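Below is the file entry18.cif, which contains mmCIF, C-alpha atoms, pLDDT in the B column; chains and numbers go by the auth columns.
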```cif
data_start
loop_
_atom_site.group_PDB
_atom_site.id
_atom_site.type_symbol
_atom_site.label_atom_id
_atom_site.label_comp_id
_atom_site.label_asym_id
_atom_site.label_seq_id
_atom_site.Cartn_x
_atom_site.Cartn_y
_atom_site.Cartn_z
_atom_site.B_iso_or_equiv
_atom_site.auth_seq_id
_atom_site.auth_asym_id
ATOM 1 C CA MET A 1 18.644 5.955 -3.482 49.00 1 A
ATOM 2 C CA ASN A 2 15.299 7.698 -2.938 58.00 2 A
ATOM 3 C CA LEU A 3 14.812 10.148 -0.090 74.00 3 A
ATOM 4 C CA LEU A 4 11.383 8.918 0.987 94.00 4 A
ATOM 5 C CA VAL A 5 11.108 7.459 4.469 97.00 5 A
ATOM 6 C CA PRO A 6 10.540 3.689 4.186 98.00 6 A
ATOM 7 C CA TYR A 7 7.706 1.990 5.995 98.00 7 A
ATOM 8 C CA VAL A 8 6.517 -1.358 7.289 98.00 8 A
ATOM 9 C CA GLY A 9 2.912 -1.724 6.242 98.00 9 A
ATOM 10 C CA ALA A 10 -0.073 -3.562 7.600 98.00 10 A
ATOM 11 C CA THR A 11 -3.364 -3.245 5.750 98.00 11 A
ATOM 12 C CA ASP A 12 -6.962 -3.737 6.910 98.00 12 A
ATOM 13 C CA PHE A 13 -7.136 -1.653 10.056 98.00 13 A
ATOM 14 C CA LEU A 14 -10.665 -1.149 11.344 98.00 14 A
ATOM 15 C CA ASN A 15 -10.301 1.257 14.260 98.00 15 A
ATOM 16 C CA PHE A 16 -7.842 3.442 16.137 98.00 16 A
ATOM 17 C CA GLU A 17 -7.545 0.969 19.013 98.00 17 A
ATOM 18 C CA GLN A 18 -5.790 -1.384 16.583 98.00 18 A
ATOM 19 C CA VAL A 19 -3.541 1.446 15.410 98.00 19 A
ATOM 20 C CA ARG A 20 -2.583 2.342 18.974 98.00 20 A
ATOM 21 C CA ALA A 21 -1.758 -1.287 19.797 98.00 21 A
ATOM 22 C CA MET A 22 0.329 -1.822 16.657 98.00 22 A
ATOM 23 C CA LEU A 23 2.167 1.468 17.095 98.00 23 A
ATOM 24 C CA LYS A 24 3.171 0.377 20.587 98.00 24 A
ATOM 25 C CA VAL A 25 4.587 -2.884 19.200 98.00 25 A
ATOM 26 C CA PHE A 26 6.280 -1.062 16.329 98.00 26 A
ATOM 27 C CA ASN A 27 8.006 1.488 18.540 98.00 27 A
ATOM 28 C CA ALA A 28 9.132 -1.180 20.996 98.00 28 A
ATOM 29 C CA HIS A 29 10.948 -3.134 18.264 98.00 29 A
ATOM 30 C CA LEU A 30 12.092 -0.374 15.901 98.00 30 A
ATOM 31 C CA PRO A 31 15.903 -0.622 15.600 96.00 31 A
ATOM 32 C CA LYS A 32 17.803 2.252 17.153 95.00 32 A
ATOM 33 C CA GLY A 33 18.376 5.009 14.604 95.00 33 A
ATOM 34 C CA SER A 34 15.807 3.639 12.139 96.00 34 A
ATOM 35 C CA LYS A 35 13.446 6.174 10.569 95.00 35 A
ATOM 36 C CA ARG A 36 10.952 3.615 9.315 97.00 36 A
ATOM 37 C CA ARG A 37 7.302 4.332 9.967 98.00 37 A
ATOM 38 C CA LEU A 38 4.309 2.152 10.626 98.00 38 A
ATOM 39 C CA HIS A 39 2.080 2.153 7.552 98.00 39 A
ATOM 40 C CA VAL A 40 -1.587 2.026 8.558 98.00 40 A
ATOM 41 C CA GLY A 41 -3.568 0.741 5.589 98.00 41 A
ATOM 42 C CA VAL A 42 -7.332 1.044 5.085 98.00 42 A
ATOM 43 C CA MET A 43 -9.072 -0.512 2.092 97.00 43 A
ATOM 44 C CA THR A 44 -11.858 1.091 0.079 96.00 44 A
ATOM 45 C CA ASP A 45 -13.455 1.051 -3.359 95.00 45 A
ATOM 46 C CA LEU A 46 -15.796 3.172 -5.465 94.00 46 A
ATOM 47 C CA GLU A 47 -18.954 2.159 -3.608 92.00 47 A
ATOM 48 C CA MET A 48 -17.424 2.731 -0.168 93.00 48 A
ATOM 49 C CA VAL A 49 -16.039 6.145 -1.144 95.00 49 A
ATOM 50 C CA TYR A 50 -19.558 7.294 -1.989 93.00 50 A
ATOM 51 C CA ASP A 51 -20.998 5.552 1.089 90.00 51 A
ATOM 52 C CA ALA A 52 -23.145 3.051 -0.760 77.00 52 A
ATOM 53 C CA SER A 53 -25.152 0.635 1.373 71.00 53 A
ATOM 54 C CA GLY A 54 -26.828 -2.679 0.811 65.00 54 A
ATOM 55 C CA PRO A 55 -25.735 -4.951 -2.036 62.00 55 A
ATOM 56 C CA GLU A 56 -23.848 -2.134 -3.750 66.00 56 A
ATOM 57 C CA ALA A 57 -21.257 -2.071 -0.958 76.00 57 A
ATOM 58 C CA ARG A 58 -19.696 -5.453 -1.684 84.00 58 A
ATOM 59 C CA TRP A 59 -17.026 -5.281 0.997 88.00 59 A
ATOM 60 C CA ALA A 60 -18.872 -3.268 3.660 88.00 60 A
ATOM 61 C CA HIS A 61 -18.724 -6.240 6.060 90.00 61 A
ATOM 62 C CA LEU A 62 -14.912 -6.230 5.897 93.00 62 A
ATOM 63 C CA TRP A 63 -13.830 -2.619 5.332 96.00 63 A
ATOM 64 C CA PRO A 64 -14.516 0.433 7.502 95.00 64 A
ATOM 65 C CA ARG A 65 -17.019 2.937 6.229 94.00 65 A
ATOM 66 C CA ARG A 66 -15.779 6.355 5.226 96.00 66 A
ATOM 67 C CA GLN A 67 -17.055 7.926 8.452 96.00 67 A
ATOM 68 C CA ALA A 68 -14.400 5.913 10.317 97.00 68 A
ATOM 69 C CA TRP A 69 -11.378 6.840 8.203 98.00 69 A
ATOM 70 C CA ARG A 70 -10.572 10.091 9.943 98.00 70 A
ATOM 71 C CA GLY A 71 -10.496 8.333 13.300 98.00 71 A
ATOM 72 C CA ILE A 72 -8.279 5.491 12.077 98.00 72 A
ATOM 73 C CA PHE A 73 -5.880 8.042 10.602 98.00 73 A
ATOM 74 C CA ALA A 74 -5.811 10.147 13.777 98.00 74 A
ATOM 75 C CA SER A 75 -2.084 9.774 14.512 98.00 75 A
ATOM 76 C CA ALA A 76 0.517 12.052 12.956 97.00 76 A
ATOM 77 C CA GLU A 77 3.157 9.477 13.910 97.00 77 A
ATOM 78 C CA THR A 78 1.968 6.809 11.501 98.00 78 A
ATOM 79 C CA TYR A 79 2.093 6.658 7.690 98.00 79 A
ATOM 80 C CA ASN A 80 -1.633 6.658 7.001 98.00 80 A
ATOM 81 C CA CYS A 81 -2.620 5.207 3.648 98.00 81 A
ATOM 82 C CA LEU A 82 -5.992 4.803 1.983 98.00 82 A
ATOM 83 C CA HIS A 83 -5.910 1.918 -0.501 98.00 83 A
ATOM 84 C CA TYR A 84 -8.332 2.577 -3.351 97.00 84 A
ATOM 85 C CA ALA A 85 -9.119 -0.614 -5.263 96.00 85 A
ATOM 86 C CA ASN A 86 -10.764 -0.532 -8.681 95.00 86 A
ATOM 87 C CA TYR A 87 -9.639 -3.054 -11.268 90.00 87 A
ATOM 88 C CA ILE A 88 -12.553 -2.344 -13.622 88.00 88 A
ATOM 89 C CA THR A 89 -12.365 1.318 -14.603 83.00 89 A
ATOM 90 C CA ASP A 90 -10.757 4.641 -13.789 83.00 90 A
ATOM 91 C CA TYR A 91 -13.828 6.562 -14.973 81.00 91 A
ATOM 92 C CA ALA A 92 -14.205 9.792 -12.994 91.00 92 A
ATOM 93 C CA LEU A 93 -11.168 8.846 -10.923 96.00 93 A
ATOM 94 C CA ALA A 94 -10.236 12.484 -10.316 97.00 94 A
ATOM 95 C CA GLY A 95 -13.501 13.227 -8.552 97.00 95 A
ATOM 96 C CA THR A 96 -13.391 9.966 -6.629 97.00 96 A
ATOM 97 C CA LEU A 97 -9.878 10.657 -5.341 97.00 97 A
ATOM 98 C CA SER A 98 -10.854 14.143 -4.240 97.00 98 A
ATOM 99 C CA GLU A 99 -13.973 12.811 -2.522 97.00 99 A
ATOM 100 C CA ALA A 100 -12.023 10.059 -0.742 97.00 100 A
ATOM 101 C CA ILE A 101 -9.238 12.335 0.467 98.00 101 A
ATOM 102 C CA GLY A 102 -11.800 14.710 1.894 97.00 102 A
ATOM 103 C CA HIS A 103 -12.969 12.054 4.347 97.00 103 A
ATOM 104 C CA CYS A 104 -9.519 11.074 5.630 98.00 104 A
ATOM 105 C CA GLY A 105 -8.570 13.984 7.867 97.00 105 A
ATOM 106 C CA MET A 106 -5.414 16.026 8.170 97.00 106 A
ATOM 107 C CA HIS A 107 -3.059 13.138 8.912 98.00 107 A
ATOM 108 C CA LEU A 108 -3.511 11.219 5.651 98.00 108 A
ATOM 109 C CA SER A 109 -0.064 10.415 4.253 98.00 109 A
ATOM 110 C CA ALA A 110 -0.818 8.605 0.992 98.00 110 A
ATOM 111 C CA VAL A 111 -3.335 7.079 -1.357 98.00 111 A
ATOM 112 C CA GLN A 112 -2.428 3.749 -2.885 98.00 112 A
ATOM 113 C CA LEU A 113 -4.003 3.039 -6.262 98.00 113 A
ATOM 114 C CA ASP A 114 -4.774 -0.662 -6.518 97.00 114 A
ATOM 115 C CA MET A 115 -5.621 -0.302 -10.183 96.00 115 A
ATOM 116 C CA ILE A 116 -4.354 -1.384 -13.593 96.00 116 A
ATOM 117 C CA TRP A 117 -2.512 1.599 -15.053 97.00 117 A
ATOM 118 C CA PRO A 118 -5.007 4.364 -14.145 97.00 118 A
ATOM 119 C CA HIS A 119 -4.908 7.397 -16.398 96.00 119 A
ATOM 120 C CA PRO A 120 -2.166 9.691 -15.041 97.00 120 A
ATOM 121 C CA THR A 121 -4.112 12.838 -15.923 97.00 121 A
ATOM 122 C CA GLU A 122 -7.033 11.633 -13.808 97.00 122 A
ATOM 123 C CA VAL A 123 -4.680 11.064 -10.875 97.00 123 A
ATOM 124 C CA ARG A 124 -3.059 14.454 -11.301 97.00 124 A
ATOM 125 C CA CYS A 125 -6.430 16.217 -11.532 97.00 125 A
ATOM 126 C CA GLY A 126 -7.732 14.370 -8.482 97.00 126 A
ATOM 127 C CA MET A 127 -4.838 15.568 -6.392 96.00 127 A
ATOM 128 C CA HIS A 128 -5.312 19.118 -7.666 96.00 128 A
ATOM 129 C CA MET A 129 -9.024 19.001 -6.842 95.00 129 A
ATOM 130 C CA SER A 130 -8.330 17.763 -3.326 94.00 130 A
ATOM 131 C CA ARG A 131 -6.065 20.749 -2.613 91.00 131 A
ATOM 132 C CA ARG A 132 -3.939 18.458 -0.484 92.00 132 A
ATOM 133 C CA PHE A 133 -0.468 17.023 -0.822 93.00 133 A
ATOM 134 C CA VAL A 134 -0.342 13.310 -0.132 97.00 134 A
ATOM 135 C CA GLU A 135 1.904 10.720 -1.683 98.00 135 A
ATOM 136 C CA ILE A 136 0.552 8.500 -4.447 98.00 136 A
ATOM 137 C CA ILE A 137 1.553 4.839 -4.469 98.00 137 A
ATOM 138 C CA LEU A 138 0.889 2.974 -7.718 98.00 138 A
ATOM 139 C CA GLN A 139 0.356 -0.750 -7.417 97.00 139 A
ATOM 140 C CA VAL A 140 1.939 -2.659 -10.293 97.00 140 A
ATOM 141 C CA GLY A 141 0.462 -6.111 -9.937 94.00 141 A
ATOM 142 C CA THR A 142 -0.032 -9.208 -12.039 93.00 142 A
ATOM 143 C CA GLU A 143 -2.469 -7.677 -14.525 94.00 143 A
ATOM 144 C CA ALA A 144 -0.390 -4.521 -14.951 96.00 144 A
ATOM 145 C CA LEU A 145 2.740 -6.580 -15.563 96.00 145 A
ATOM 146 C CA ASP A 146 0.864 -8.807 -18.019 95.00 146 A
ATOM 147 C CA GLU A 147 -0.164 -5.709 -19.999 96.00 147 A
ATOM 148 C CA CYS A 148 3.560 -4.979 -20.317 97.00 148 A
ATOM 149 C CA ASN A 149 4.368 -8.552 -21.372 96.00 149 A
ATOM 150 C CA ASN A 150 6.211 -8.948 -18.072 95.00 150 A
ATOM 151 C CA ASP A 151 9.023 -6.907 -19.584 97.00 151 A
ATOM 152 C CA PRO A 152 10.843 -4.522 -17.208 98.00 152 A
ATOM 153 C CA ALA A 153 11.623 -2.167 -20.087 98.00 153 A
ATOM 154 C CA GLU A 154 7.933 -1.893 -20.980 98.00 154 A
ATOM 155 C CA VAL A 155 7.007 -1.286 -17.339 98.00 155 A
ATOM 156 C CA VAL A 156 9.525 1.546 -17.149 98.00 156 A
ATOM 157 C CA LYS A 157 8.102 2.999 -20.356 98.00 157 A
ATOM 158 C CA ARG A 158 4.598 2.991 -18.877 98.00 158 A
ATOM 159 C CA LEU A 159 5.832 4.585 -15.669 98.00 159 A
ATOM 160 C CA GLU A 160 7.260 7.524 -17.628 98.00 160 A
ATOM 161 C CA ASP A 161 3.661 8.716 -18.044 97.00 161 A
ATOM 162 C CA TYR A 162 3.430 9.054 -14.258 98.00 162 A
ATOM 163 C CA GLU A 163 6.521 11.203 -13.656 96.00 163 A
ATOM 164 C CA GLY A 164 5.649 13.953 -11.233 95.00 164 A
ATOM 165 C CA VAL A 165 2.373 12.185 -10.355 97.00 165 A
ATOM 166 C CA ILE A 166 3.378 9.184 -8.232 98.00 166 A
ATOM 167 C CA HIS A 167 5.896 8.848 -5.420 98.00 167 A
ATOM 168 C CA ARG A 168 6.190 5.107 -4.876 98.00 168 A
ATOM 169 C CA VAL A 169 5.659 1.921 -6.889 98.00 169 A
ATOM 170 C CA LEU A 170 4.327 -1.206 -5.222 98.00 170 A
ATOM 171 C CA LEU A 171 5.343 -4.464 -6.875 97.00 171 A
ATOM 172 C CA ASP A 172 2.868 -7.154 -5.872 90.00 172 A
ATOM 173 C CA LYS A 173 1.571 -10.255 -7.619 78.00 173 A
ATOM 174 C CA SER A 174 -0.460 -11.396 -4.626 66.00 174 A
ATOM 175 C CA ALA A 175 -3.310 -8.838 -4.581 54.00 175 A
ATOM 176 C CA GLY A 176 -3.886 -9.479 -0.888 48.00 176 A
ATOM 177 C CA LYS A 177 -4.386 -13.223 -1.349 51.00 177 A
ATOM 178 C CA GLY A 178 -1.330 -14.191 0.674 52.00 178 A
ATOM 179 C CA LEU A 179 0.511 -15.690 -2.283 63.00 179 A
ATOM 180 C CA GLY A 180 4.223 -15.947 -1.566 82.00 180 A
ATOM 181 C CA MET A 181 6.448 -13.273 -3.065 89.00 181 A
ATOM 182 C CA ASP A 182 8.827 -14.424 -5.793 91.00 182 A
ATOM 183 C CA ALA A 183 11.623 -11.957 -5.105 93.00 183 A
ATOM 184 C CA ALA A 184 13.784 -13.289 -7.937 92.00 184 A
ATOM 185 C CA ALA A 185 10.977 -12.521 -10.408 93.00 185 A
ATOM 186 C CA LEU A 186 10.521 -9.000 -9.025 95.00 186 A
ATOM 187 C CA LEU A 187 14.215 -8.092 -8.993 96.00 187 A
ATOM 188 C CA PRO A 188 14.503 -7.225 -12.721 97.00 188 A
ATOM 189 C CA PHE A 189 11.541 -4.849 -12.425 97.00 189 A
ATOM 190 C CA ALA A 190 12.899 -3.240 -9.262 98.00 190 A
ATOM 191 C CA ARG A 191 16.322 -2.756 -10.847 98.00 191 A
ATOM 192 C CA ALA A 192 14.855 -1.200 -13.987 98.00 192 A
ATOM 193 C CA ILE A 193 12.611 1.154 -12.012 98.00 193 A
ATOM 194 C CA ARG A 194 15.405 2.231 -9.680 98.00 194 A
ATOM 195 C CA ALA A 195 17.782 2.864 -12.588 98.00 195 A
ATOM 196 C CA ARG A 196 15.270 5.026 -14.466 98.00 196 A
ATOM 197 C CA PHE A 197 13.509 6.648 -11.504 98.00 197 A
ATOM 198 C CA PRO A 198 15.961 6.825 -8.602 96.00 198 A
ATOM 199 C CA LYS A 199 13.673 9.096 -6.582 96.00 199 A
ATOM 200 C CA LEU A 200 10.711 6.703 -6.621 97.00 200 A
ATOM 201 C CA GLY A 201 10.188 4.660 -3.492 98.00 201 A
ATOM 202 C CA LEU A 202 9.990 0.903 -4.007 98.00 202 A
ATOM 203 C CA VAL A 203 7.462 -1.157 -2.092 98.00 203 A
ATOM 204 C CA PHE A 204 7.225 -4.942 -2.110 98.00 204 A
ATOM 205 C CA ALA A 205 4.302 -7.122 -1.095 96.00 205 A
ATOM 206 C CA GLY A 206 3.105 -10.672 -1.537 93.00 206 A
ATOM 207 C CA GLY A 207 2.562 -13.253 1.159 93.00 207 A
ATOM 208 C CA LEU A 208 4.456 -11.397 3.860 96.00 208 A
ATOM 209 C CA GLY A 209 3.522 -12.244 7.415 97.00 209 A
ATOM 210 C CA PRO A 210 4.817 -13.448 10.775 97.00 210 A
ATOM 211 C CA THR A 211 6.577 -16.547 9.403 97.00 211 A
ATOM 212 C CA THR A 212 7.432 -15.508 5.840 97.00 212 A
ATOM 213 C CA MET A 213 9.722 -12.505 6.158 97.00 213 A
ATOM 214 C CA SER A 214 12.581 -14.515 4.644 96.00 214 A
ATOM 215 C CA LEU A 215 10.861 -13.873 1.302 96.00 215 A
ATOM 216 C CA VAL A 216 12.426 -10.395 1.232 96.00 216 A
ATOM 217 C CA ASP A 217 15.999 -11.637 1.745 96.00 217 A
ATOM 218 C CA PRO A 218 16.973 -11.673 -1.973 96.00 218 A
ATOM 219 C CA LEU A 219 15.932 -7.997 -2.205 97.00 219 A
ATOM 220 C CA LEU A 220 17.803 -6.650 0.804 97.00 220 A
ATOM 221 C CA PRO A 221 21.337 -6.415 -0.654 96.00 221 A
ATOM 222 C CA GLU A 222 20.182 -3.988 -3.363 97.00 222 A
ATOM 223 C CA PHE A 223 17.068 -2.421 -1.865 97.00 223 A
ATOM 224 C CA SER A 224 17.653 -1.993 1.843 95.00 224 A
ATOM 225 C CA ASP A 225 15.592 1.211 1.679 96.00 225 A
ATOM 226 C CA MET A 226 12.526 -0.638 0.443 97.00 226 A
ATOM 227 C CA SER A 227 9.118 -0.500 2.068 98.00 227 A
ATOM 228 C CA ILE A 228 6.885 -3.539 2.532 98.00 228 A
ATOM 229 C CA ASP A 229 3.197 -4.167 3.024 97.00 229 A
ATOM 230 C CA ALA A 230 1.250 -7.167 4.318 96.00 230 A
ATOM 231 C CA GLN A 231 -2.418 -8.035 4.130 95.00 231 A
ATOM 232 C CA GLY A 232 -3.552 -11.621 3.500 93.00 232 A
ATOM 233 C CA LYS A 233 -1.202 -13.282 5.986 95.00 233 A
ATOM 234 C CA LEU A 234 -2.466 -10.979 8.732 97.00 234 A
ATOM 235 C CA HIS A 235 -5.876 -12.673 8.506 97.00 235 A
ATOM 236 C CA PRO A 236 -6.593 -16.009 10.237 96.00 236 A
ATOM 237 C CA SER A 237 -7.825 -17.474 6.949 94.00 237 A
ATOM 238 C CA GLY A 238 -4.841 -16.126 5.000 92.00 238 A
ATOM 239 C CA ASN A 239 -7.201 -14.199 2.720 89.00 239 A
ATOM 240 C CA TRP A 240 -8.622 -10.722 3.342 92.00 240 A
ATOM 241 C CA LYS A 241 -11.912 -11.682 1.698 91.00 241 A
ATOM 242 C CA SER A 242 -12.770 -14.146 4.453 92.00 242 A
ATOM 243 C CA ASP A 243 -12.246 -12.377 7.775 95.00 243 A
ATOM 244 C CA HIS A 244 -10.706 -9.383 9.518 97.00 244 A
ATOM 245 C CA MET A 245 -7.084 -8.596 10.295 97.00 245 A
ATOM 246 C CA ASP A 246 -5.928 -10.287 13.494 98.00 246 A
ATOM 247 C CA VAL A 247 -3.940 -7.940 15.744 98.00 247 A
ATOM 248 C CA ASN A 248 -1.836 -10.774 17.145 98.00 248 A
ATOM 249 C CA LEU A 249 -0.770 -11.873 13.676 98.00 249 A
ATOM 250 C CA ALA A 250 -0.112 -8.247 12.764 98.00 250 A
ATOM 251 C CA ALA A 251 2.001 -7.732 15.884 98.00 251 A
ATOM 252 C CA ASP A 252 4.073 -10.855 15.201 98.00 252 A
ATOM 253 C CA TYR A 253 4.588 -9.703 11.629 98.00 253 A
ATOM 254 C CA LEU A 254 5.822 -6.288 12.741 98.00 254 A
ATOM 255 C CA VAL A 255 8.316 -7.866 15.139 98.00 255 A
ATOM 256 C CA ALA A 256 9.591 -10.237 12.441 98.00 256 A
ATOM 257 C CA ALA A 257 9.846 -7.445 9.867 98.00 257 A
ATOM 258 C CA LEU A 258 11.756 -5.077 12.147 98.00 258 A
ATOM 259 C CA LYS A 259 14.249 -7.814 12.983 97.00 259 A
ATOM 260 C CA ARG A 260 15.050 -8.169 9.304 96.00 260 A
ATOM 261 C CA LEU A 261 14.862 -4.685 7.823 96.00 261 A
ATOM 262 C CA PRO A 262 17.512 -2.032 8.500 90.00 262 A
#
```
Here is a file; write its structure as structure tokens.
Amino acid sequence: MNLLVPYVGATDFLNFEQVRAMLKVFNAHLPKGSKRRLHVGVMTDLEMVYDASGPEARWAHLWPRRQAWRGIFASAETYNCLHYANYITDYALAGTLSEAIGHCGMHLSAVQLDMIWPHPTEVRCGMHMSRRFVEIILQVGTEALDECNNDPAEVVKRLEDYEGVIHRVLLDKSAGKGLGMDAAALLPFARAIRARFPKLGLVFAGGLGPTTMSLVDPLLPEFSDMSIDAQGKLHPSGNWKSDHMDVNLAADYLVAALKRLP
């Protein structure tokens, strides 16, 4: 079992008022004795990191600009995570990571790499350049699994390149689209990762929301220390590309998650 504190994640926060409201809900429903933390997720990409405007900033109407990150991550009580999405290239990733971290303030907990097997040396150099210690979460999604022929043994082999670089692995085939998690399909990968890397934290995502927490049930007997993250189902449309996170949906999700997770 890993020693990392597990979290319940919600992604697509826009301001600290949302954080304050969700933290109040989280603390009110956190089971007695639980050490879980509220994961506060903020999305960004290459253009947003370098504060592009106009047509270059494709998601500027949905994601907070970098000037807002420090304020969103203002609480030391929450697990504050910047999600960096780039499924095209990891060119100059080291510099981009260092630049991004510099805008997040002192309470940043982690950077999640929503990428397809980024070069581990780039990640390592980026963290060194930032002169900060934050956890690195590596998303292993549909494309990453496809590159490994959906073979748990091949995934483990690829992860060996990241030893000492990453701290958690996120298994997610949804990519924020609200697609329901197939826990049975993820179990072989989770088992293989835990057997080879017992200190890595395991995170699961995919269609989790206020009414779909039963999706994690097949995972609980073996991975009660898992973390989870939700995105698409916290939006009224069910897709992050269409509208903003709804705090009422997020609150209902947190209540449902904390009823189920130890």
* Please identify all polymer residues within 9 Å of A:Leu200, counting only C-alpha atoms, omitting same-chain residues fewer than 5 positions from it, and present them as number ranges by chain. => A: 1-4, 166-169, 193-194
* Could you state which residues are captured by the PyMOL selection byres ((chain A and resi 130) around 8) in this file, as a ChimeraX atom specification? => /A:97-99,101-102,126-129,131-132
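Comparing A:Asp90, A:Glu160, A:Asp12, A:Asp114 by their smallest distance to A:Pro64, the closest is A:Asp12 (using only C-alpha atoms).
Interatomic distance, atom CA of A:Leu30 to atom CA of A:Leu258: 6.0 Å.
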* Hey, what comes out of the PyMOL selection byres ((chain A and resi 245-247) around 7) on this file? Could you write it as a PyMOL selection string? -> chain A and resi 12-13+18+234-236+243-244+248-251
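The neighbours of A:Ala57 here are the residues that come within 9 Å of it, using only C-alpha atoms and leaving out any residue fewer than 2 positions away in the same chain; they are Asp45, Leu46, Glu47, Met48, Asp51, Ala52, Ser53, Gly54, Pro55, Trp59, Ala60 and His61 of chain A.
Going from atom CA of A:Gly207 over to atom CA of A:Ala74, you cover 27.9 Å.
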* **A:Met213 environment, 12 Å, all atoms listed in the file, sequence neighbours closer than 4 positions dropped, as number ranges by chain** => A: 8, 180-181, 183, 204-209, 217-220, 228-230, 233, 252-261
* I would like the residues chosen by the PyMOL selection byres ((chain A and resi 83) around 9) on the shown file; could you give them as a PyMOL selection string? => chain A and resi 11+41-45+81-82+84-85+110-114+137
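Nearest to A:Ile136 of all the residues A:His107, A:Ala153, A:Pro120, A:Val165 is A:Val165, counting only C-alpha atoms.
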* Could you work out how far atom CA of A:Ser75 lies from atom CA of A:Ser227, giving the answer in Å with one decimal? -> 19.6 Å
